[in-house]
Amino acid sequence: MTDRPLALVTGATAGIGLSFARALAAQGYDLCLIARDAGRLATVAAELSRPSGPSVQWHSADLSTDGGIAAVAPLIAELPRLDLLVNNAGFGTQGRFHRTPDGSQRVMTRLLAEAPVALCRAAIPGMVARGRGAIINVSSIAGFLQSPGNVTYCAAKAFLTSFTLGLDVELAGTGVRVQALCPGFTRTEFHERMDFDQGRIPGWLWQGADEVVARSLAQLARGGAVICLPSFTVRLIRWGVRVVPRGVMKHLAVRRRR
């Protein structure tokens with residue numbers, strides 16, 4: 001049996017999830033990768049597998065469905081060891097809440113909120129029993145905001161951040177650590193898939209996925225704060241939300257949307 005740590009990463013074939021997989025492999029973790037696309041999973045596994053190095057297993061599952069969650073949660077619970085769970089899978093939509101398809105909103109909420117809860121519930125008992133382990137829930141700075149056209153996404157990420165903060169309190173003294181990673185604009189496929197015009201956002205507001213992941217893992221390793229704000233920009237936004245009156249924030253959000 002290997003003495004290498006084991007990490008499970010969801011949404012592992014692109015963006016932040018792929019960056020986590022690569023960074024953890026470089027740190028010597030064995031990997032269990034979860035995503036929808038079996039072909040892309042196989043490609044990533046082939047890239048990261050090395051003779052006498054970390055092992056990489058993968059499972060294709062759609063965590064936006066009840067069946068996908070039902071398949072992955074027992075897999076996690078049955079792992080004889082799991083040192084790190086990264087709940088990263090997600091997508092976003094654009095459009096006014098009352099004008100977007102109801103189904104897409106509920107599917108997104110399931111993926112961003114229900115799936116991480118289910119996978120945390122599957123992972124934590126074993127981690128507590130072993131007295132060690134960590135969970136990174138990939139949330140968003142959007143969870144601190146209310147943005148016209150993205151209200152469901154913002155609300156789901158707010159839930160995920162609050163849920164992670166609650167776990168931190170509940171798991172105190174167990175040896176299990178948690179982190180809510182809250183990046184801002186990150187250059188990944190995420191915005192392309194939601195047909196978002198990236199040119200609307202100044203270049204200095206963007207981060208690369210590798211930088212986001214590096215700062216997340218470094219903060220986790222040093223036992224830093226539960227909420228990880230991986231750039232000066234997102235820290236500034238978080239500060240602004242705290243000090244600027246809600247009425248002013250609402251005015252700015254509506255004006256920006258117009």
# chains A, B, ... in the order shown; residues from 1 in each chain; ligands from 1

call {"tool": "residues_around", "arguments": {"residues": "region 34-40 of chain A", "least_positions_apart": "2", "cutoff": "10 Å", "atoms": "only C-alpha atoms", "output": "PyMOL selection string"}}
result
chain A and resi 8-14+17+31-32+42-46+57-64+68+72+87-89

call {"tool": "residues_around", "arguments": {"residues": "region 159-176 of chain A", "least_positions_apart": "3", "cutoff": "9 Å", "atoms": "only C-alpha atoms", "output": "ChimeraX atom specification"}}
result
/A:112-113,116-117,124,127-140,143-144,154-156,179-182,226-227

call {"tool": "write_last_selection", "arguments": {"atoms": "C-alpha atoms", "output": "PDB file, in the first residue's frame"}}
result
ATOM      1  CA  LEU A 112     -22.792  24.140  -6.892  1.00  0.00           C
ATOM      2  CA  ALA A 113     -24.487  23.412  -3.558  1.00  0.00           C
ATOM      3  CA  PRO A 116     -20.454  19.508  -2.445  1.00  0.00           C
ATOM      4  CA  VAL A 117     -22.650  18.871   0.594  1.00  0.00           C
ATOM      5  CA  ILE A 124     -15.707  13.608   6.536  1.00  0.00           C
ATOM      6  CA  MET A 127     -11.219  11.840   7.795  1.00  0.00           C
ATOM      7  CA  VAL A 128     -12.443  12.339  11.368  1.00  0.00           C
ATOM      8  CA  ALA A 129     -11.787   8.676  12.173  1.00  0.00           C
ATOM      9  CA  ARG A 130      -8.204   9.032  10.882  1.00  0.00           C
ATOM     10  CA  GLY A 131      -7.744  12.372  12.615  1.00  0.00           C
ATOM     11  CA  ARG A 132      -6.559  14.141   9.480  1.00  0.00           C
ATOM     12  CA  GLY A 133      -7.681  15.398   6.085  1.00  0.00           C
ATOM     13  CA  ALA A 134      -8.723  18.550   4.288  1.00  0.00           C
ATOM     14  CA  ILE A 135     -11.499  19.805   2.036  1.00  0.00           C
ATOM     15  CA  ILE A 136     -11.304  22.692  -0.410  1.00  0.00           C
ATOM     16  CA  ASN A 137     -14.684  23.918  -1.623  1.00  0.00           C
ATOM     17  CA  VAL A 138     -14.180  26.103  -4.683  1.00  0.00           C
ATOM     18  CA  SER A 139     -16.587  28.971  -4.106  1.00  0.00           C
ATOM     19  CA  SER A 140     -16.324  32.484  -5.593  1.00  0.00           C
ATOM     20  CA  GLY A 143     -20.839  34.637  -3.123  1.00  0.00           C
ATOM     21  CA  PHE A 144     -20.363  37.974  -1.354  1.00  0.00           C
ATOM     22  CA  CYS A 154     -24.190  34.198  -6.395  1.00  0.00           C
ATOM     23  CA  ALA A 155     -26.644  32.654  -3.938  1.00  0.00           C
ATOM     24  CA  ALA A 156     -25.291  29.131  -4.455  1.00  0.00           C
ATOM     25  CA  GLN A 179     -11.172  26.008   2.999  1.00  0.00           C
ATOM     26  CA  ALA A 180     -13.567  28.071   0.882  1.00  0.00           C
ATOM     27  CA  LEU A 181     -11.559  29.204  -2.128  1.00  0.00           C
ATOM     28  CA  CYS A 182     -13.123  32.414  -3.473  1.00  0.00           C
ATOM     29  CA  VAL A 226     -10.799  29.350   6.073  1.00  0.00           C
ATOM     30  CA  ILE A 227     -11.709  31.810   3.318  1.00  0.00           C
TER      31      ILE A 227
END

call {"tool": "select_by_dssp", "arguments": {"residues": "region 27-245 of chain A", "states": "strand (DSSP E)", "output": "MDAnalysis selection string"}}
result
chainID A and resid 30:35 56:60 84:87 133:138 176:181 186:187 207:208 227:228

call {"tool": "residues_around", "arguments": {"residues": "Ser19 (chain A)", "least_positions_apart": "3", "cutoff": "10 Å", "atoms": "only C-alpha atoms", "output": "ChimeraX atom specification"}}
result
/A:12-16,22-25,208-214

call {"tool": "residues_around", "arguments": {"residues": "Ala70 (chain A)", "least_positions_apart": "3", "cutoff": "12 Å", "atoms": "only C-alpha atoms", "output": "PyMOL selection string"}}
result
chain A and resi 61-67+73-77+114-115+118-119+122

call {"tool": "write_last_selection", "arguments": {"atoms": "C-alpha atoms", "output": "compact mmCIF listing (two decimals), in the first residue's frame"}}
result
# COMPACT_ATOMS: atom_id res chain seq x y z
CA ALA A 61 -19.96 11.21 -13.53
CA ASP A 62 -22.26 14.18 -13.95
CA LEU A 63 -22.56 15.73 -10.49
CA SER A 64 -25.40 17.97 -11.65
CA THR A 65 -27.63 14.87 -11.56
CA ASP A 66 -28.90 12.81 -8.67
CA GLY A 67 -27.43 9.72 -10.33
CA ALA A 73 -20.55 9.75 -2.83
CA PRO A 74 -20.28 6.00 -2.04
CA LEU A 75 -16.99 5.87 -3.93
CA ILE A 76 -15.60 8.54 -1.62
CA ALA A 77 -16.97 6.87 1.50
CA GLU A 114 -26.05 19.96 -3.24
CA ALA A 115 -23.15 18.02 -4.74
CA ALA A 118 -23.12 15.24 -0.41
CA LEU A 119 -19.43 14.68 -1.14
CA ALA A 122 -19.21 11.10 2.35

call {"tool": "select_by_dssp", "arguments": {"residues": "region 13-87 of chain A", "states": "alpha helix (DSSP H)", "output": "number ranges by chain"}}
result
A: 15-26, 38-48, 66-78

call {"tool": "atom_distance", "arguments": {"atom1": "CA of Thr109 (chain A)", "atom2": "CA of Cys228 (chain A)"}}
result
21.9 Å

call {"tool": "residues_around", "arguments": {"residues": "Pro230 (chain A)", "least_positions_apart": "5", "cutoff": "7 Å", "atoms": "only C-alpha atoms", "output": "PyMOL selection string"}}
result
chain A and resi 183+212+215-216
